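So this one's my_file-v2.txt, compact mmCIF, N, CA and C atoms:
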# COMPACT_ATOMS: atom_id res chain seq x y z
N MET A 912 0.93 -41.26 13.88
CA MET A 912 0.59 -40.44 12.76
C MET A 912 0.77 -38.96 13.08
N ALA A 913 0.32 -38.56 14.25
CA ALA A 913 0.43 -37.16 14.62
C ALA A 913 1.89 -36.72 14.69
N THR A 914 2.75 -37.60 15.19
CA THR A 914 4.17 -37.28 15.29
C THR A 914 4.77 -37.07 13.90
N VAL A 915 4.41 -37.91 12.96
CA VAL A 915 4.92 -37.78 11.60
C VAL A 915 4.41 -36.49 10.96
N LEU A 916 3.14 -36.18 11.15
CA LEU A 916 2.58 -34.94 10.58
C LEU A 916 3.26 -33.70 11.15
N VAL A 917 3.47 -33.70 12.45
CA VAL A 917 4.16 -32.56 13.08
C VAL A 917 5.59 -32.45 12.55
N ALA A 918 6.28 -33.58 12.46
CA ALA A 918 7.67 -33.56 11.99
C ALA A 918 7.75 -33.08 10.54
N PHE A 919 6.85 -33.55 9.67
CA PHE A 919 6.89 -33.12 8.28
C PHE A 919 6.53 -31.65 8.14
N SER A 920 5.52 -31.19 8.87
CA SER A 920 5.15 -29.78 8.75
C SER A 920 6.26 -28.88 9.30
N ALA A 921 6.89 -29.30 10.39
CA ALA A 921 8.00 -28.52 10.93
C ALA A 921 9.20 -28.54 9.99
N ALA A 922 9.45 -29.68 9.37
CA ALA A 922 10.59 -29.81 8.47
C ALA A 922 10.41 -28.96 7.21
N THR A 923 9.20 -28.83 6.74
CA THR A 923 8.99 -28.04 5.53
C THR A 923 8.97 -26.55 5.83
N SER A 924 8.67 -26.18 7.08
CA SER A 924 8.60 -24.76 7.39
C SER A 924 9.95 -24.18 7.79
N THR A 925 10.78 -24.96 8.49
CA THR A 925 12.08 -24.45 8.92
C THR A 925 13.16 -25.50 8.65
N GLY A 926 14.27 -25.05 8.16
CA GLY A 926 15.37 -25.93 7.78
C GLY A 926 15.97 -26.76 8.90
N PRO A 927 16.29 -26.17 10.08
CA PRO A 927 16.96 -26.95 11.13
C PRO A 927 16.13 -28.11 11.67
N LEU A 928 14.82 -28.05 11.48
CA LEU A 928 13.97 -29.13 11.99
C LEU A 928 13.90 -30.32 11.04
N LEU A 929 14.67 -30.28 9.97
CA LEU A 929 14.72 -31.43 9.05
C LEU A 929 15.22 -32.69 9.75
N ILE A 930 15.90 -32.54 10.86
CA ILE A 930 16.45 -33.68 11.59
C ILE A 930 15.34 -34.50 12.25
N LEU A 931 14.14 -33.95 12.39
CA LEU A 931 13.05 -34.67 13.06
C LEU A 931 12.65 -35.95 12.32
N ILE A 932 12.62 -35.92 11.01
CA ILE A 932 12.20 -37.10 10.24
C ILE A 932 13.21 -38.23 10.39
N PRO A 933 14.51 -38.01 10.16
CA PRO A 933 15.46 -39.11 10.39
C PRO A 933 15.48 -39.57 11.85
N LEU A 934 15.30 -38.64 12.78
CA LEU A 934 15.27 -39.02 14.19
C LEU A 934 14.08 -39.93 14.48
N LEU A 935 12.93 -39.62 13.93
CA LEU A 935 11.76 -40.46 14.09
C LEU A 935 11.98 -41.83 13.45
N ALA A 936 12.66 -41.86 12.32
CA ALA A 936 12.99 -43.14 11.67
C ALA A 936 13.87 -44.00 12.58
N VAL A 937 14.86 -43.38 13.22
CA VAL A 937 15.74 -44.12 14.13
C VAL A 937 14.97 -44.66 15.32
N VAL A 938 14.05 -43.86 15.87
CA VAL A 938 13.24 -44.30 17.00
C VAL A 938 12.42 -45.53 16.61
N LEU A 939 11.80 -45.50 15.43
CA LEU A 939 11.02 -46.65 14.97
C LEU A 939 11.91 -47.87 14.71
N LEU A 940 13.07 -47.65 14.14
CA LEU A 940 13.99 -48.76 13.87
C LEU A 940 14.42 -49.43 15.16
N LEU A 941 14.80 -48.64 16.15
CA LEU A 941 15.21 -49.22 17.44
C LEU A 941 14.08 -50.00 18.08
N GLY A 942 12.87 -49.46 18.05
CA GLY A 942 11.73 -50.13 18.63
C GLY A 942 11.34 -51.41 17.91
N THR A 943 11.66 -51.49 16.62
CA THR A 943 11.34 -52.69 15.85
C THR A 943 12.18 -53.87 16.31
N PHE A 944 13.45 -53.66 16.55
CA PHE A 944 14.35 -54.76 16.88
C PHE A 944 14.64 -54.91 18.37
N ALA A 945 14.39 -53.88 19.15
CA ALA A 945 14.61 -53.94 20.60
C ALA A 945 13.41 -53.28 21.30
N PRO A 946 12.41 -54.07 21.67
CA PRO A 946 11.19 -53.49 22.25
C PRO A 946 11.44 -52.61 23.48
N GLN A 947 12.48 -52.88 24.23
CA GLN A 947 12.77 -52.04 25.40
C GLN A 947 13.25 -50.65 24.98
N LEU A 948 13.63 -50.47 23.73
CA LEU A 948 14.06 -49.16 23.22
C LEU A 948 12.95 -48.43 22.46
N ALA A 949 11.76 -49.00 22.43
CA ALA A 949 10.63 -48.37 21.75
C ALA A 949 10.17 -47.17 22.57
N LEU A 950 10.62 -45.98 22.20
CA LEU A 950 10.37 -44.78 22.99
C LEU A 950 8.89 -44.44 23.12
N PHE A 951 8.11 -44.69 22.09
CA PHE A 951 6.69 -44.37 22.19
C PHE A 951 5.98 -45.32 23.16
N LYS A 952 6.37 -46.59 23.15
CA LYS A 952 5.81 -47.53 24.13
C LYS A 952 6.22 -47.14 25.54
N GLN A 953 7.47 -46.78 25.72
CA GLN A 953 7.95 -46.37 27.04
C GLN A 953 7.20 -45.13 27.52
N PHE A 954 6.98 -44.18 26.64
CA PHE A 954 6.23 -42.98 27.00
C PHE A 954 4.81 -43.33 27.43
N TYR A 955 4.20 -44.26 26.71
CA TYR A 955 2.85 -44.70 27.04
C TYR A 955 2.81 -45.37 28.41
N PHE A 956 3.70 -46.34 28.63
CA PHE A 956 3.66 -47.13 29.87
C PHE A 956 4.20 -46.37 31.09
N LYS A 957 5.11 -45.44 30.89
CA LYS A 957 5.73 -44.77 32.04
C LYS A 957 5.18 -43.37 32.31
N VAL A 958 4.50 -42.77 31.33
CA VAL A 958 4.00 -41.41 31.54
C VAL A 958 2.48 -41.35 31.43
N LEU A 959 1.95 -41.73 30.29
CA LEU A 959 0.52 -41.56 30.05
C LEU A 959 -0.35 -42.48 30.90
N LYS A 960 -0.02 -43.76 30.93
CA LYS A 960 -0.84 -44.73 31.65
C LYS A 960 -0.82 -44.52 33.16
N PRO A 961 0.34 -44.35 33.81
CA PRO A 961 0.34 -44.15 35.27
C PRO A 961 -0.40 -42.88 35.72
N ARG A 962 -0.40 -41.86 34.90
CA ARG A 962 -1.06 -40.62 35.27
C ARG A 962 -2.56 -40.62 34.96
N GLY A 963 -3.02 -41.70 34.34
CA GLY A 963 -4.43 -41.81 34.01
C GLY A 963 -4.85 -40.97 32.82
N ILE A 964 -3.89 -40.53 32.03
CA ILE A 964 -4.19 -39.72 30.85
C ILE A 964 -4.91 -40.56 29.80
N VAL A 965 -4.52 -41.81 29.69
CA VAL A 965 -5.19 -42.76 28.80
C VAL A 965 -5.74 -43.90 29.64
N LYS A 966 -6.87 -44.41 29.23
CA LYS A 966 -7.48 -45.55 29.91
C LYS A 966 -7.36 -46.76 28.97
N PRO A 967 -6.45 -47.68 29.29
CA PRO A 967 -6.26 -48.82 28.40
C PRO A 967 -7.44 -49.78 28.43
N ARG A 968 -7.69 -50.37 27.28
CA ARG A 968 -8.66 -51.45 27.15
C ARG A 968 -7.87 -52.67 26.67
N PRO A 969 -7.41 -53.49 27.61
CA PRO A 969 -6.53 -54.62 27.25
C PRO A 969 -7.19 -55.59 26.27
N VAL A 970 -6.41 -55.95 25.27
CA VAL A 970 -6.82 -56.93 24.27
C VAL A 970 -5.64 -57.86 24.06
N GLN A 971 -5.88 -59.15 24.06
CA GLN A 971 -4.81 -60.10 23.78
C GLN A 971 -4.39 -59.92 22.33
N ASP A 972 -3.11 -59.72 22.13
CA ASP A 972 -2.61 -59.47 20.79
C ASP A 972 -1.18 -59.96 20.69
N ARG A 973 -0.75 -60.22 19.48
CA ARG A 973 0.63 -60.64 19.25
C ARG A 973 1.45 -59.42 18.85
N PRO A 974 2.73 -59.39 19.23
CA PRO A 974 3.56 -58.21 18.91
C PRO A 974 4.05 -58.17 17.47
N GLU A 975 4.01 -59.28 16.75
CA GLU A 975 4.59 -59.32 15.40
C GLU A 975 3.99 -58.29 14.45
N PRO A 976 2.65 -58.15 14.37
CA PRO A 976 2.11 -57.13 13.45
C PRO A 976 2.53 -55.71 13.82
N HIS A 977 2.65 -55.44 15.10
CA HIS A 977 3.06 -54.10 15.53
C HIS A 977 4.53 -53.85 15.19
N ASN A 978 5.35 -54.87 15.37
CA ASN A 978 6.77 -54.75 15.00
C ASN A 978 6.92 -54.56 13.49
N PHE A 979 6.10 -55.27 12.71
CA PHE A 979 6.15 -55.11 11.26
C PHE A 979 5.75 -53.68 10.89
N ALA A 980 4.70 -53.16 11.52
CA ALA A 980 4.25 -51.79 11.22
C ALA A 980 5.34 -50.78 11.56
N ALA A 981 6.02 -50.97 12.68
CA ALA A 981 7.11 -50.07 13.04
C ALA A 981 8.25 -50.16 12.03
N GLY A 982 8.57 -51.37 11.60
CA GLY A 982 9.62 -51.54 10.60
C GLY A 982 9.25 -50.94 9.26
N PHE A 983 8.01 -51.10 8.86
CA PHE A 983 7.54 -50.51 7.61
C PHE A 983 7.55 -48.99 7.70
N GLY A 984 7.11 -48.47 8.84
CA GLY A 984 7.14 -47.02 9.06
C GLY A 984 8.55 -46.49 9.01
N TRP A 985 9.49 -47.24 9.59
CA TRP A 985 10.90 -46.84 9.54
C TRP A 985 11.37 -46.74 8.10
N SER A 986 11.04 -47.74 7.28
CA SER A 986 11.53 -47.71 5.90
C SER A 986 10.96 -46.52 5.13
N LEU A 987 9.69 -46.21 5.34
CA LEU A 987 9.10 -45.06 4.65
C LEU A 987 9.71 -43.74 5.14
N LEU A 988 9.96 -43.64 6.43
CA LEU A 988 10.57 -42.41 6.95
C LEU A 988 12.02 -42.28 6.50
N ALA A 989 12.71 -43.39 6.36
CA ALA A 989 14.09 -43.34 5.87
C ALA A 989 14.12 -42.83 4.42
N ILE A 990 13.21 -43.34 3.61
CA ILE A 990 13.11 -42.89 2.22
C ILE A 990 12.73 -41.40 2.17
N SER A 991 11.77 -41.01 3.02
CA SER A 991 11.35 -39.61 3.07
C SER A 991 12.51 -38.70 3.48
N SER A 992 13.33 -39.20 4.39
CA SER A 992 14.48 -38.40 4.85
C SER A 992 15.42 -38.10 3.69
N VAL A 993 15.61 -39.07 2.82
CA VAL A 993 16.50 -38.86 1.67
C VAL A 993 15.92 -37.78 0.75
N PHE A 994 14.61 -37.81 0.55
CA PHE A 994 13.98 -36.80 -0.33
C PHE A 994 13.94 -35.41 0.30
N LEU A 995 14.05 -35.33 1.62
CA LEU A 995 14.04 -34.02 2.28
C LEU A 995 15.41 -33.36 2.31
N LEU A 996 16.45 -34.10 1.97
CA LEU A 996 17.78 -33.51 1.96
C LEU A 996 17.86 -32.36 0.98
N PRO A 997 18.53 -31.28 1.38
CA PRO A 997 18.63 -30.12 0.45
C PRO A 997 19.54 -30.38 -0.71

Would it be possible to restate this file's structure as structure tokens?
Amino acid sequence: MATVLVAFSAATSTGPLLILIPLLAVVLLLGTFAPQLALFKQFYFKVLKPRGIVKPRPVQDRPEPHNFAAGFGWSLLAISSVFLLP
């Protein structure tokens, strides 16, 4: 959520940053179909967790709802990207 808010606020304030919304959509799309390309998961597991910045509380869960959420987020960001075009 924070990433989307930052991208939208940056996109509305300056023109060249309009690329952030479509870029975020591509990141979510890749992560939906290829989990090894999910950049936010990679950032979590390779940067935040090893450095102790976040303390995980493991819960058994299935990946399908998370993949659906990423796919749904991608579709909304793709639509938003079209509306942000000048």

Write out as a count of residues only each polymer residue whose atoms come within 10 Å of Phe951 in chain A, counting only C-alpha atoms; drop sequence neighbours fewer than 6 positions from it. 4

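Among A:Ala913, A:Ala918, A:Leu935, A:Leu928, the residue with the shortest atom-to-atom distance to Ser986 in chain A, counting only C-alpha atoms, is A:Leu935.
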
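The space between atom N of Pro974 in chain A and atom N of Lys960 in chain A spans 19.7 Å.
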
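Going from atom N of Phe979 in chain A over to atom N of Arg962 in chain A, you cover 26.7 Å.
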
Using DSSP on the backbone, list every residue of chain A that comes out as alpha helix (DSSP H), and give them as a PyMOL selection string. chain A and resi 913-924+931-944+950-954+975-995

Would you save the residues of that selection, restricted to N, CA and C atoms, as a compact mmCIF listing (two decimals), in the coordinates of the input?
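Result file follows (part37.txt):
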# COMPACT_ATOMS: atom_id res chain seq x y z
N ALA A 913 0.32 -38.56 14.25
CA ALA A 913 0.43 -37.16 14.62
C ALA A 913 1.89 -36.72 14.69
N THR A 914 2.75 -37.60 15.19
CA THR A 914 4.17 -37.28 15.29
C THR A 914 4.77 -37.07 13.90
N VAL A 915 4.41 -37.91 12.96
CA VAL A 915 4.92 -37.78 11.60
C VAL A 915 4.41 -36.49 10.96
N LEU A 916 3.14 -36.18 11.15
CA LEU A 916 2.58 -34.94 10.58
C LEU A 916 3.26 -33.70 11.15
N VAL A 917 3.47 -33.70 12.45
CA VAL A 917 4.16 -32.56 13.08
C VAL A 917 5.59 -32.45 12.55
N ALA A 918 6.28 -33.58 12.46
CA ALA A 918 7.67 -33.56 11.99
C ALA A 918 7.75 -33.08 10.54
N PHE A 919 6.85 -33.55 9.67
CA PHE A 919 6.89 -33.12 8.28
C PHE A 919 6.53 -31.65 8.14
N SER A 920 5.52 -31.19 8.87
CA SER A 920 5.15 -29.78 8.75
C SER A 920 6.26 -28.88 9.30
N ALA A 921 6.89 -29.30 10.39
CA ALA A 921 8.00 -28.52 10.93
C ALA A 921 9.20 -28.54 9.99
N ALA A 922 9.45 -29.68 9.37
CA ALA A 922 10.59 -29.81 8.47
C ALA A 922 10.41 -28.96 7.21
N THR A 923 9.20 -28.83 6.74
CA THR A 923 8.99 -28.04 5.53
C THR A 923 8.97 -26.55 5.83
N SER A 924 8.67 -26.18 7.08
CA SER A 924 8.60 -24.76 7.39
C SER A 924 9.95 -24.18 7.79
N LEU A 931 14.14 -33.95 12.39
CA LEU A 931 13.05 -34.67 13.06
C LEU A 931 12.65 -35.95 12.32
N ILE A 932 12.62 -35.92 11.01
CA ILE A 932 12.20 -37.10 10.24
C ILE A 932 13.21 -38.23 10.39
N PRO A 933 14.51 -38.01 10.16
CA PRO A 933 15.46 -39.11 10.39
C PRO A 933 15.48 -39.57 11.85
N LEU A 934 15.30 -38.64 12.78
CA LEU A 934 15.27 -39.02 14.19
C LEU A 934 14.08 -39.93 14.48
N LEU A 935 12.93 -39.62 13.93
CA LEU A 935 11.76 -40.46 14.09
C LEU A 935 11.98 -41.83 13.45
N ALA A 936 12.66 -41.86 12.32
CA ALA A 936 12.99 -43.14 11.67
C ALA A 936 13.87 -44.00 12.58
N VAL A 937 14.86 -43.38 13.22
CA VAL A 937 15.74 -44.12 14.13
C VAL A 937 14.97 -44.66 15.32
N VAL A 938 14.05 -43.86 15.87
CA VAL A 938 13.24 -44.30 17.00
C VAL A 938 12.42 -45.53 16.61
N LEU A 939 11.80 -45.50 15.43
CA LEU A 939 11.02 -46.65 14.97
C LEU A 939 11.91 -47.87 14.71
N LEU A 940 13.07 -47.65 14.14
CA LEU A 940 13.99 -48.76 13.87
C LEU A 940 14.42 -49.43 15.16
N LEU A 941 14.80 -48.64 16.15
CA LEU A 941 15.21 -49.22 17.44
C LEU A 941 14.08 -50.00 18.08
N GLY A 942 12.87 -49.46 18.05
CA GLY A 942 11.73 -50.13 18.63
C GLY A 942 11.34 -51.41 17.91
N THR A 943 11.66 -51.49 16.62
CA THR A 943 11.34 -52.69 15.85
C THR A 943 12.18 -53.87 16.31
N PHE A 944 13.45 -53.66 16.55
CA PHE A 944 14.35 -54.76 16.88
C PHE A 944 14.64 -54.91 18.37
N LEU A 950 10.62 -45.98 22.20
CA LEU A 950 10.37 -44.78 22.99
C LEU A 950 8.89 -44.44 23.12
N PHE A 951 8.11 -44.69 22.09
CA PHE A 951 6.69 -44.37 22.19
C PHE A 951 5.98 -45.32 23.16
N LYS A 952 6.37 -46.59 23.15
CA LYS A 952 5.81 -47.53 24.13
C LYS A 952 6.22 -47.14 25.54
N GLN A 953 7.47 -46.78 25.72
CA GLN A 953 7.95 -46.37 27.04
C GLN A 953 7.20 -45.13 27.52
N PHE A 954 6.98 -44.18 26.64
CA PHE A 954 6.23 -42.98 27.00
C PHE A 954 4.81 -43.33 27.43
N GLU A 975 4.01 -59.28 16.75
CA GLU A 975 4.59 -59.32 15.40
C GLU A 975 3.99 -58.29 14.45
N PRO A 976 2.65 -58.15 14.37
CA PRO A 976 2.11 -57.13 13.45
C PRO A 976 2.53 -55.71 13.82
N HIS A 977 2.65 -55.44 15.10
CA HIS A 977 3.06 -54.10 15.53
C HIS A 977 4.53 -53.85 15.19
N ASN A 978 5.35 -54.87 15.37
CA ASN A 978 6.77 -54.75 15.00
C ASN A 978 6.92 -54.56 13.49
N PHE A 979 6.10 -55.27 12.71
CA PHE A 979 6.15 -55.11 11.26
C PHE A 979 5.75 -53.68 10.89
N ALA A 980 4.70 -53.16 11.52
CA ALA A 980 4.25 -51.79 11.22
C ALA A 980 5.34 -50.78 11.56
N ALA A 981 6.02 -50.97 12.68
CA ALA A 981 7.11 -50.07 13.04
C ALA A 981 8.25 -50.16 12.03
N GLY A 982 8.57 -51.37 11.60
CA GLY A 982 9.62 -51.54 10.60
C GLY A 982 9.25 -50.94 9.26
N PHE A 983 8.01 -51.10 8.86
CA PHE A 983 7.54 -50.51 7.61
C PHE A 983 7.55 -48.99 7.70
N GLY A 984 7.11 -48.47 8.84
CA GLY A 984 7.14 -47.02 9.06
C GLY A 984 8.55 -46.49 9.01
N TRP A 985 9.49 -47.24 9.59
CA TRP A 985 10.90 -46.84 9.54
C TRP A 985 11.37 -46.74 8.10
N SER A 986 11.04 -47.74 7.28
CA SER A 986 11.53 -47.71 5.90
C SER A 986 10.96 -46.52 5.13
N LEU A 987 9.69 -46.21 5.34
CA LEU A 987 9.10 -45.06 4.65
C LEU A 987 9.71 -43.74 5.14
N LEU A 988 9.96 -43.64 6.43
CA LEU A 988 10.57 -42.41 6.95
C LEU A 988 12.02 -42.28 6.50
N ALA A 989 12.71 -43.39 6.36
CA ALA A 989 14.09 -43.34 5.87
C ALA A 989 14.12 -42.83 4.42
N ILE A 990 13.21 -43.34 3.61
CA ILE A 990 13.11 -42.89 2.22
C ILE A 990 12.73 -41.40 2.17
N SER A 991 11.77 -41.01 3.02
CA SER A 991 11.35 -39.61 3.07
C SER A 991 12.51 -38.70 3.48
N SER A 992 13.33 -39.20 4.39
CA SER A 992 14.48 -38.40 4.85
C SER A 992 15.42 -38.10 3.69
N VAL A 993 15.61 -39.07 2.82
CA VAL A 993 16.50 -38.86 1.67
C VAL A 993 15.92 -37.78 0.75
N PHE A 994 14.61 -37.81 0.55
CA PHE A 994 13.98 -36.80 -0.33
C PHE A 994 13.94 -35.41 0.30
N LEU A 995 14.05 -35.33 1.62
CA LEU A 995 14.04 -34.02 2.28
C LEU A 995 15.41 -33.36 2.31

Mind giving me the straight-line distance from atom C of Pro969 in chain A to atom C of Tyr955 in chain A in Å, one decimal? 14.5 Å

Show me the residues around (13.6, -36.2, 6.6) - criterion: an atom at most 6 Å away, only C-alpha atoms counted - as a list in words.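 Residues with an atom close enough to that point: Leu929, Ile932, Pro933, Ser991, Ser992 and Leu995 of chain A.
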
Using only N, CA and C atoms, please write the residues we just selected to a file, as a PDB file, in the frame of the given file.
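Below is the file out-v7.pdb, written as the result:
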ATOM      1  N   LEU A 929      14.670 -30.280   9.970  1.00  0.00           N
ATOM      2  CA  LEU A 929      14.720 -31.430   9.050  1.00  0.00           C
ATOM      3  C   LEU A 929      15.220 -32.690   9.750  1.00  0.00           C
ATOM      4  N   ILE A 932      12.620 -35.920  11.010  1.00  0.00           N
ATOM      5  CA  ILE A 932      12.200 -37.100  10.240  1.00  0.00           C
ATOM      6  C   ILE A 932      13.210 -38.230  10.390  1.00  0.00           C
ATOM      7  N   PRO A 933      14.510 -38.010  10.160  1.00  0.00           N
ATOM      8  CA  PRO A 933      15.460 -39.110  10.390  1.00  0.00           C
ATOM      9  C   PRO A 933      15.480 -39.570  11.850  1.00  0.00           C
ATOM     10  N   SER A 991      11.770 -41.010   3.020  1.00  0.00           N
ATOM     11  CA  SER A 991      11.350 -39.610   3.070  1.00  0.00           C
ATOM     12  C   SER A 991      12.510 -38.700   3.480  1.00  0.00           C
ATOM     13  N   SER A 992      13.330 -39.200   4.390  1.00  0.00           N
ATOM     14  CA  SER A 992      14.480 -38.400   4.850  1.00  0.00           C
ATOM     15  C   SER A 992      15.420 -38.100   3.690  1.00  0.00           C
ATOM     16  N   LEU A 995      14.050 -35.330   1.620  1.00  0.00           N
ATOM     17  CA  LEU A 995      14.040 -34.020   2.280  1.00  0.00           C
ATOM     18  C   LEU A 995      15.410 -33.360   2.310  1.00  0.00           C
TER      19      LEU A 995
END
